[in-house]
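Here is the file entry23.csv (CSV, C-alpha atoms).
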chain,number,residue,atom,x,y,z
A,1,MET,CA,200.9,14.7,161.6
A,2,LYS,CA,200.9,18.3,160.4
A,3,SER,CA,202.9,20.8,162.4
A,4,GLU,CA,201.2,23.9,163.8
A,5,VAL,CA,203.4,26.1,161.5
A,6,LYS,CA,202.2,24.2,158.5
A,7,ASN,CA,198.6,24.4,159.6
A,8,ILE,CA,198.8,28.2,160.1
A,9,ILE,CA,200.5,28.6,156.7
A,10,GLU,CA,197.8,26.6,155.0
A,11,GLU,CA,195.1,28.6,156.7
A,12,ILE,CA,196.7,31.9,155.8
A,13,ILE,CA,197.0,30.9,152.2
A,14,ASN,CA,193.4,29.7,152.1
A,15,GLU,CA,192.2,33.0,153.6
A,16,GLN,CA,194.3,35.1,151.2
A,17,SER,CA,193.0,32.9,148.3
A,18,MET,CA,189.5,34.1,149.0
A,19,ILE,CA,190.8,37.7,148.6
A,20,VAL,CA,193.3,37.6,145.8
A,21,GLY,CA,192.7,34.2,144.3
A,22,ARG,CA,194.4,30.9,144.6
A,23,LYS,CA,197.0,31.5,141.9
A,24,ILE,CA,198.3,34.8,143.4
A,25,ALA,CA,198.2,33.5,146.9
A,26,GLU,CA,200.3,30.5,145.9
A,27,GLU,CA,202.7,32.6,144.0
A,28,ARG,CA,203.2,34.8,147.1
A,29,ALA,CA,203.8,31.8,149.2
A,30,ILE,CA,206.4,30.4,146.7
A,31,SER,CA,208.1,33.9,146.6
A,32,THR,CA,209.1,33.4,150.3
A,33,GLU,CA,211.5,30.7,149.0
A,34,ILE,CA,210.5,28.6,152.1
A,35,ILE,CA,207.2,27.3,150.9
A,36,LYS,CA,206.7,24.9,148.0
A,37,PHE,CA,203.7,23.2,146.5
A,38,LYS,CA,203.8,19.6,145.5
A,39,ASN,CA,200.6,18.0,144.2
A,40,GLY,CA,198.6,20.7,145.9
A,41,ASN,CA,200.3,20.0,149.3
A,42,ILE,CA,202.4,22.5,151.1
A,43,GLU,CA,206.1,21.6,151.7
A,44,LEU,CA,208.3,23.6,154.0
A,45,LYS,CA,212.0,24.0,153.6
A,46,ASN,CA,212.1,25.4,157.1
A,47,ASP,CA,209.4,24.4,159.6
A,48,THR,CA,209.9,27.4,161.9
A,49,ASN,CA,208.1,30.7,162.5
A,50,GLU,CA,210.4,32.3,159.9
A,51,ALA,CA,208.1,30.8,157.3
A,52,ILE,CA,205.0,32.5,158.8
A,53,VAL,CA,206.7,35.8,159.1
A,54,LYS,CA,208.0,35.7,155.5
A,55,LEU,CA,204.6,34.7,154.3
A,56,ILE,CA,202.9,37.6,156.1
A,57,GLU,CA,205.6,40.0,154.7
A,58,SER,CA,204.9,38.6,151.2
A,59,PHE,CA,201.2,39.2,151.5
A,60,ARG,CA,201.7,42.7,153.0
A,61,GLU,CA,203.3,43.7,149.7
A,62,ILE,CA,199.8,43.4,148.0
A,63,PHE,CA,197.5,45.7,150.1
A,64,GLY,CA,199.7,46.7,153.0
A,65,LYS,CA,198.2,46.5,156.5
A,66,ALA,CA,194.8,45.4,155.1
A,67,SER,CA,196.5,42.2,153.9
A,68,GLU,CA,198.5,41.7,157.0
A,69,GLU,CA,195.4,41.9,159.2
A,70,VAL,CA,193.9,38.9,157.5
A,71,CYS,CA,197.0,36.9,158.5
A,72,ILE,CA,196.9,38.3,162.0
A,73,GLU,CA,193.3,37.0,162.3
A,74,VAL,CA,194.5,33.5,161.5
A,75,LEU,CA,197.3,33.8,164.1
A,76,LYS,CA,194.8,35.0,166.7
A,77,LYS,CA,192.7,31.9,166.1
A,78,HIS,CA,195.8,29.9,167.1
A,79,LYS,CA,196.4,32.2,170.0
A,80,ILE,CA,199.7,33.5,168.6
A,81,ASN,CA,200.7,37.1,168.6
A,82,LEU,CA,202.7,38.4,165.6
A,83,SER,CA,204.9,40.6,167.7
A,84,THR,CA,205.8,37.6,169.9
A,85,ILE,CA,206.9,35.7,166.8
A,86,ASN,CA,209.0,38.6,165.6
A,87,LYS,CA,210.6,39.3,168.9
A,88,ASN,CA,211.3,35.9,170.4
A,89,LYS,CA,210.9,33.1,168.0
A,90,PHE,CA,212.2,34.4,164.7
A,91,LYS,CA,215.8,35.0,165.7
A,92,LYS,CA,218.7,34.0,163.6
A,93,LYS,CA,221.0,31.6,165.4
A,94,GLN,CA,224.3,33.2,166.3
A,95,PRO,CA,227.3,31.3,165.2
A,96,LYS,CA,229.3,29.9,168.1
B,97,MET,CA,238.7,62.8,128.7
B,98,LYS,CA,235.6,62.4,130.8
B,99,LYS,CA,232.7,60.9,129.1
B,100,ILE,CA,229.4,62.6,129.7
B,101,THR,CA,226.4,60.3,129.6
B,102,LEU,CA,223.0,61.8,129.3
B,103,PRO,CA,220.3,60.1,131.4
B,104,LYS,CA,218.1,57.9,129.3
B,105,ILE,CA,214.5,59.1,128.9
B,106,GLN,CA,212.3,56.3,130.1
B,107,SER,CA,209.3,56.1,128.0
B,108,ASN,CA,206.9,53.4,129.0
B,109,ILE,CA,203.2,52.9,128.5
B,110,ASP,CA,202.4,54.4,131.9
B,111,SER,CA,203.9,57.8,131.1
B,112,PHE,CA,202.5,57.7,127.5
B,113,LEU,CA,199.0,57.2,128.9
B,114,CYS,CA,199.4,60.0,131.5
B,115,VAL,CA,200.7,62.4,128.9
B,116,THR,CA,197.8,61.5,126.5
B,117,PHE,CA,195.3,62.0,129.3
B,118,LEU,CA,196.7,65.3,130.3
B,119,ALA,CA,196.9,66.6,126.7
B,120,ILE,CA,193.2,65.6,126.0
B,121,PHE,CA,192.1,67.0,129.4
B,122,LEU,CA,193.7,70.4,128.7
B,123,THR,CA,192.4,70.6,125.1
B,124,TRP,CA,188.9,69.7,126.4
B,125,LEU,CA,189.2,72.3,129.1
B,126,SER,CA,190.3,74.9,126.5
B,127,TYR,CA,187.3,74.0,124.3
B,128,LEU,CA,184.9,74.4,127.2
B,129,LEU,CA,186.4,77.7,128.2
B,130,GLN,CA,185.9,78.7,124.6
B,131,ILE,CA,189.6,79.4,124.0
B,132,PHE,CA,189.0,77.2,121.0
B,133,PRO,CA,186.1,78.3,118.9
B,134,GLU,CA,183.1,76.1,119.5
B,135,SER,CA,183.0,73.3,117.0
B,136,VAL,CA,180.6,70.4,116.7
B,137,GLN,CA,183.4,68.1,115.3
B,138,LEU,CA,185.5,68.7,118.3
B,139,GLY,CA,182.5,68.0,120.6
B,140,ASP,CA,181.9,64.7,118.7
B,141,PHE,CA,185.5,63.8,119.0
B,142,PHE,CA,185.4,64.2,122.8
B,143,ALA,CA,182.2,62.2,122.9
B,144,LEU,CA,184.0,59.4,121.0
B,145,LEU,CA,186.8,59.4,123.5
B,146,LEU,CA,184.1,58.5,126.1
B,147,ILE,CA,183.7,55.3,124.1
B,148,VAL,CA,187.4,54.6,123.3
B,149,PHE,CA,188.8,54.9,126.9
B,150,PRO,CA,186.3,52.7,128.7
B,151,THR,CA,186.6,50.2,125.8
B,152,PHE,CA,190.3,50.0,126.6
B,153,GLY,CA,189.4,49.7,130.3
B,154,PHE,CA,186.9,46.9,129.6
B,155,PHE,CA,189.4,44.8,127.6
B,156,VAL,CA,192.2,45.3,130.1
B,157,GLY,CA,189.7,44.7,133.0
B,158,PHE,CA,188.5,41.5,131.4
B,159,SER,CA,192.0,40.1,131.4
B,160,ARG,CA,192.7,41.5,135.0
B,161,SER,CA,189.5,39.8,136.2
B,162,PHE,CA,190.9,36.4,135.1
B,163,GLU,CA,194.3,37.2,136.6
B,164,TRP,CA,192.7,37.9,140.0
B,165,GLY,CA,190.7,34.6,139.9
B,166,LEU,CA,187.4,36.0,138.5
B,167,PHE,CA,184.5,35.2,140.9
B,168,HIS,CA,186.8,32.9,143.0
B,169,SER,CA,188.3,35.8,144.8
B,170,LYS,CA,186.9,39.1,146.2
B,171,ILE,CA,189.3,41.3,144.3
B,172,GLY,CA,188.6,39.3,141.1
B,173,THR,CA,184.8,39.7,141.7
B,174,SER,CA,185.3,43.4,142.4
B,175,VAL,CA,187.4,44.0,139.2
B,176,THR,CA,184.8,42.0,137.2
B,177,PHE,CA,181.9,44.3,138.4
B,178,PHE,CA,184.0,47.5,137.7
B,179,THR,CA,184.8,46.1,134.2
B,180,LEU,CA,181.2,45.3,133.5
B,181,SER,CA,180.2,48.8,134.5
B,182,LEU,CA,182.7,50.1,131.9
B,183,LEU,CA,181.1,47.8,129.3
B,184,PHE,CA,177.6,49.2,130.2
B,185,TRP,CA,179.0,52.7,129.9
B,186,THR,CA,180.5,51.9,126.5
B,187,ILE,CA,177.2,50.5,125.2
B,188,GLY,CA,175.2,53.4,126.7
B,189,GLN,CA,177.5,56.0,125.4
B,190,SER,CA,177.6,54.5,121.9
B,191,ILE,CA,173.8,54.5,121.8
B,192,TYR,CA,173.7,58.1,123.2
B,193,PHE,CA,176.3,59.3,120.6
B,194,TYR,CA,174.3,57.7,117.8
B,195,SER,CA,170.9,59.0,119.0
B,196,PHE,CA,172.3,62.5,119.5
B,197,LYS,CA,173.9,62.6,116.2
B,198,TYR,CA,170.9,61.4,114.2
B,199,ASN,CA,168.2,63.0,116.4
B,200,ILE,CA,166.7,59.7,117.6
B,201,SER,CA,164.3,60.5,120.5
B,202,GLU,CA,164.3,57.0,122.2
B,203,ASN,CA,166.6,56.9,125.1
B,204,PHE,CA,167.6,53.3,125.4
B,205,TYR,CA,171.0,54.5,126.7
B,206,ASP,CA,169.4,55.4,130.1
B,207,TYR,CA,169.0,51.7,130.9
B,208,PHE,CA,172.7,51.1,130.5
B,209,PHE,CA,173.8,54.2,132.3
B,210,ILE,CA,171.4,53.4,135.2
B,211,LEU,CA,172.7,49.8,135.4
B,212,MET,CA,176.2,51.1,135.9
B,213,ASP,CA,175.5,52.2,139.5
B,214,PRO,CA,174.5,48.8,140.9
B,215,LEU,CA,177.6,47.3,139.1
B,216,ILE,CA,179.9,49.9,140.7
B,217,LEU,CA,178.2,49.3,144.0
B,218,LEU,CA,178.8,45.6,143.8
B,219,GLY,CA,182.4,46.2,142.9
B,220,LEU,CA,182.8,48.5,145.9
B,221,LEU,CA,181.1,46.0,148.3
B,222,PHE,CA,183.5,43.2,147.3
B,223,LEU,CA,186.5,45.6,147.4
B,224,GLY,CA,185.4,46.8,150.9
B,225,SER,CA,185.0,43.2,152.0
B,226,ALA,CA,188.5,42.3,150.7
B,227,LEU,CA,190.1,45.2,152.5
B,228,GLY,CA,188.3,44.5,155.7
B,229,THR,CA,186.6,47.9,155.6
B,230,PHE,CA,183.2,46.7,156.8
B,231,LYS,CA,184.7,45.3,160.0
B,232,GLU,CA,185.9,48.8,160.8
B,233,VAL,CA,182.5,50.3,159.9
B,234,ARG,CA,180.8,47.9,162.4
B,235,LYS,CA,182.9,49.5,165.1
B,236,ASN,CA,182.0,53.0,163.9
B,237,ILE,CA,178.2,53.1,163.5
B,238,SER,CA,178.4,56.9,163.2
B,239,ILE,CA,179.4,56.4,159.5
B,240,LEU,CA,175.7,55.8,158.8
B,241,VAL,CA,175.2,59.6,159.1
B,242,LEU,CA,177.2,59.9,155.9
B,243,PRO,CA,174.4,59.0,153.4
B,244,VAL,CA,172.0,61.4,155.2
B,245,LEU,CA,174.5,64.2,155.0
B,246,LEU,CA,175.3,63.5,151.3
B,247,THR,CA,171.5,63.4,150.5
B,248,ILE,CA,171.0,66.8,152.2
B,249,LEU,CA,174.0,68.3,150.5
B,250,ASN,CA,172.8,67.0,147.1
B,251,TYR,CA,169.4,68.6,147.5
B,252,ILE,CA,170.8,71.8,148.7
B,253,ILE,CA,172.8,72.0,145.5
B,254,VAL,CA,169.8,71.1,143.4
B,255,SER,CA,167.5,73.6,145.1
B,256,TYR,CA,170.2,76.3,144.9
B,257,ILE,CA,170.9,75.9,141.2
B,258,GLN,CA,167.2,75.5,140.2
B,259,ASN,CA,166.0,78.2,142.6
B,260,LYS,CA,163.6,75.9,144.3
B,261,ASP,CA,163.1,75.0,147.9
B,262,ILE,CA,164.5,71.6,148.9
B,263,PHE,CA,161.1,69.8,149.0
B,264,THR,CA,160.0,71.0,145.6
B,265,ALA,CA,163.4,69.9,144.2
B,266,PHE,CA,162.9,66.5,145.8
B,267,LEU,CA,159.4,66.1,144.4
B,268,GLU,CA,160.4,67.1,140.9
B,269,LEU,CA,163.3,64.8,140.5
B,270,ASP,CA,161.4,61.7,139.3
B,271,VAL,CA,163.4,59.5,136.9
B,272,SER,CA,166.5,61.5,137.4
B,273,PHE,CA,166.3,60.7,141.1
B,274,ILE,CA,167.4,57.1,140.2
B,275,TYR,CA,170.6,58.5,138.9
B,276,ILE,CA,171.2,60.8,141.8
B,277,PHE,CA,170.1,58.1,144.3
B,278,GLY,CA,172.4,55.5,142.7
B,279,SER,CA,175.3,57.9,142.7
B,280,LEU,CA,174.6,58.8,146.3
B,281,VAL,CA,174.8,55.2,147.5
B,282,THR,CA,178.0,54.7,145.6
B,283,ALA,CA,179.5,58.0,146.8
B,284,THR,CA,178.7,57.0,150.4
B,285,LEU,CA,180.5,53.7,149.9
B,286,VAL,CA,183.5,55.4,148.3
B,287,VAL,CA,183.8,57.9,151.1
B,288,THR,CA,183.5,55.1,153.6
B,289,LEU,CA,186.2,53.1,151.8
B,290,ILE,CA,188.5,56.2,151.7
B,291,LEU,CA,187.9,57.0,155.4
B,292,PHE,CA,188.7,53.4,156.5
B,293,SER,CA,191.5,52.8,154.0
B,294,LYS,CA,194.2,54.1,156.4
B,295,ARG,CA,195.3,50.5,156.6
B,296,LEU,CA,195.5,50.3,152.8
B,297,GLY,CA,199.0,50.1,151.5
B,298,GLY,CA,201.1,47.9,149.3
B,299,ILE,CA,201.8,48.2,145.6
B,300,TYR,CA,198.2,48.5,144.6
B,301,LYS,CA,197.3,51.4,146.9
B,302,LYS,CA,197.5,54.0,144.0
B,303,ALA,CA,195.5,51.7,141.7
B,304,LEU,CA,192.7,51.4,144.2
B,305,GLN,CA,192.7,55.1,145.1
B,306,LEU,CA,192.5,55.9,141.3
B,307,ILE,CA,189.4,53.7,141.0
B,308,LEU,CA,187.8,55.4,144.1
B,309,ILE,CA,188.6,58.9,142.9
B,310,GLY,CA,187.2,57.9,139.4
B,311,ILE,CA,183.9,56.9,141.0
B,312,ILE,CA,183.7,60.3,142.9
B,313,PHE,CA,184.1,62.0,139.5
B,314,GLN,CA,181.3,59.8,138.2
B,315,TYR,CA,179.1,61.1,141.0
B,316,ILE,CA,179.9,64.7,140.2
B,317,GLY,CA,179.3,64.1,136.5
B,318,ASP,CA,175.9,62.5,137.2
B,319,ASN,CA,174.9,65.5,139.2
B,320,ILE,CA,176.0,68.0,136.6
B,321,TYR,CA,174.2,66.0,133.9
B,322,GLU,CA,171.0,66.0,135.9
B,323,LEU,CA,171.2,69.7,136.6
B,324,SER,CA,172.2,70.9,133.1
B,325,ALA,CA,169.3,71.8,130.8
B,326,VAL,CA,171.3,71.5,127.6
B,327,GLU,CA,172.5,68.2,126.2
B,328,SER,CA,175.5,68.3,123.9
B,329,ASN,CA,178.5,66.2,123.1
B,330,GLY,CA,181.7,67.2,124.9
B,331,SER,CA,180.1,69.4,127.6
B,332,TRP,CA,181.2,69.9,131.2
B,333,TYR,CA,179.5,66.7,132.5
B,334,ASP,CA,181.2,64.8,129.7
B,335,LEU,CA,184.6,66.1,130.9
B,336,PHE,CA,183.9,64.8,134.4
B,337,PHE,CA,182.8,61.4,132.9
B,338,PHE,CA,186.0,61.4,130.9
B,339,VAL,CA,188.2,61.9,134.0
B,340,SER,CA,186.1,59.3,135.9
B,341,LEU,CA,186.3,56.6,133.2
B,342,THR,CA,190.0,57.2,132.5
B,343,PHE,CA,190.8,57.0,136.3
B,344,ILE,CA,188.7,53.8,136.7
B,345,SER,CA,190.2,52.2,133.5
B,346,TYR,CA,193.8,53.2,134.4
B,347,GLY,CA,193.2,52.0,138.0
B,348,ILE,CA,192.1,48.6,136.7
B,349,TYR,CA,195.0,48.5,134.3
B,350,SER,CA,197.4,49.2,137.2
B,351,LEU,CA,196.0,46.3,139.2
B,352,ASN,CA,198.5,44.1,137.3
B,353,PRO,CA,199.4,41.0,139.3
B,354,ARG,CA,202.7,40.8,137.4
B,355,LYS,CA,203.9,43.8,139.3
B,356,LEU,CA,204.3,41.6,142.4
B,357,ASN,CA,206.8,39.4,140.6
B,358,GLU,CA,208.6,42.4,139.1
B,359,LYS,CA,209.0,43.9,142.5
B,360,ARG,CA,210.4,40.7,143.9
B,361,SER,CA,213.0,40.3,141.1

What do you get writing this file as structure tokens?
Amino acid sequence: MKSEVKNIIEEIINEQSMIVGRKIAEERAISTEIIKFKNGNIELKNDTNEAIVKLIESFREIFGKASEEVCIEVLKKHKINLSTINKNKFKKKQPK
Amino acid sequence: MKKITLPKIQSNIDSFLCVTFLAIFLTWLSYLLQIFPESVQLGDFFALLLIVFPTFGFFVGFSRSFEWGLFHSKIGTSVTFFTLSLLFWTIGQSIYFYSFKYNISENFYDYFFILMDPLILLGLLFLGSALGTFKEVRKNISILVLPVLLTILNYIIVSYIQNKDIFTAFLELDVSFIYIFGSLVTATLVVTLILFSKRLGGIYKKALQLILIGIIFQYIGDNIYELSAVESNGSWYDLFFFVSLTFISYGIYSLNPRKLNEKRS
């Protein structure tokens, strides 16, 4: 079963593909160094919110906030707030 | 002993193109201000530049269209339409140059110049859609006042220059009205895109802004062309078209997807 993170990432990539084209969207995803493509399927090194945040940051480099808002629309569909991801869920684990 | 190292002068294609543009622009301006004695050859040379620059833009744009996924993506579609508009300009200008030089009265070039506007318009529509501009417009219906204001402004200028009242100016602009109407629609879209592009950022911001400014220059050039009684190569309207086409071509050239990878590395 697909995880929600994977679902969201797939949707973001699909939405961005409609804007910048499949090739560039996939290249942006790969540049996060968390997302990989194997036979057209997405593989995640790290199935956490970090992947979503890095993906959004990667797309933001293209057209700034205009690109970010496309990703935010996808998150809204899943009833997720980007600021909540940033503040609470995307925290580096402190070494004990 | 301390070694003194001089900073290396970075010469790349970007600065070369900018310097070339500036040099041509200043020479052209000097020619129009009659600092240089009026010469037909120089006028012809400037008119030829109006073929050379958009041809460069067309070839680069053709490659960019593929890089952005052609009609499979909104940016790809937008770049394709802008590129096609440059192709139509090149064909139109080549026919115009030939007709003007050899006194051929048939004006086939008009068809190509007129077709440029719908192509630019389509390019802008896809660009606006890609940047989410129209979602913002829906929230601000007041933007619809813009075409009305631009139309009024256009006719005030026409009637002022031709010494006619605004209604006579409107009635007398028959075929040329297509040019002005086409430019009005595109100008409205450009202003809308600029107004709602506050959210626009990223590494392609400047490239897109250049394209938009280029289209505004096209609008100014169209108006000067319609208002000027004399047709000659290398005149004021041609200078505006030169700036416009260079900006659009350079904007398309700067939409290089490889920039994203360079930034990352």

Leaving out stretch 182-185 of chain B and any residue of its chain fewer than 5 positions from it, which residues lie within 8 Å of it when counting all atoms listed in the file, given as a list in words?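 That gives Ile147, Pro150, Thr151, Gly153, Phe154, Phe208, Phe209, Leu211, Met212, Leu341 and Ser345 of chain B.
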
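Take the candidates A:Ser3, A:Asn41, A:Asn14, A:Ile35 and check each one against A:Cys71 using all atoms listed in the file; the shortest distance goes to A:Asn14.
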
Can you work out which residues from chain B touch chain A at a cut-off of 9 Å (counting only C-alpha atoms) and hand them back as a list in words?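 Going by the stated atoms only, the list reads Glu163, Trp164, Gly165, Leu166, Phe167, His168, Ser169, Lys170, Ile171, Gly172, Ser225, Ala226, Leu227, Gly228, Thr229, Ser293, Lys294, Arg295, Leu296, Gly297, Gly298, Ile299, Tyr300, Lys301, Pro353, Leu356, Asn357 and Arg360 of chain B.
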
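Between atom CA of B:Leu280 and atom CA of B:Leu220 there is a distance of 13.2 Å.
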
Kindly indicate which residue among B:Leu323, B:Asp318, B:Gly330, B:Phe343 lies nearest to B:Ala303, using only C-alpha atoms for the distances.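 Ranking B:Leu323, B:Asp318, B:Gly330, B:Phe343 by distance to B:Ala303, first place goes to B:Phe343.
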
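Nearest-residue note for B:Ser181: choosing from B:Ile200, B:Ile210, B:Leu291, B:Leu215, the minimum distance belongs to B:Leu215, counting all atoms listed in the file.
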
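Across B:Ile307, B:Ile187, B:Thr342, B:Ala143, the tightest approach to B:Trp124 is made by B:Ala143 when counting all atoms listed in the file.
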
For atom CA of B:Val175 and atom CA of B:Tyr346, determine how far apart the two atoms are, in Å to one decimal place. 12.2 Å

Pairwise distance, atom CA of B:Ile311 with atom CA of B:Phe158, equals 18.7 Å

Smallest atom-to-atom distance to B:Gly317: which of B:Lys302, B:Asp334, B:Asn329, B:Ile131, using all atoms listed in the file?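 With all atoms listed in the file as the atom set, the closest residue is B:Asp334.
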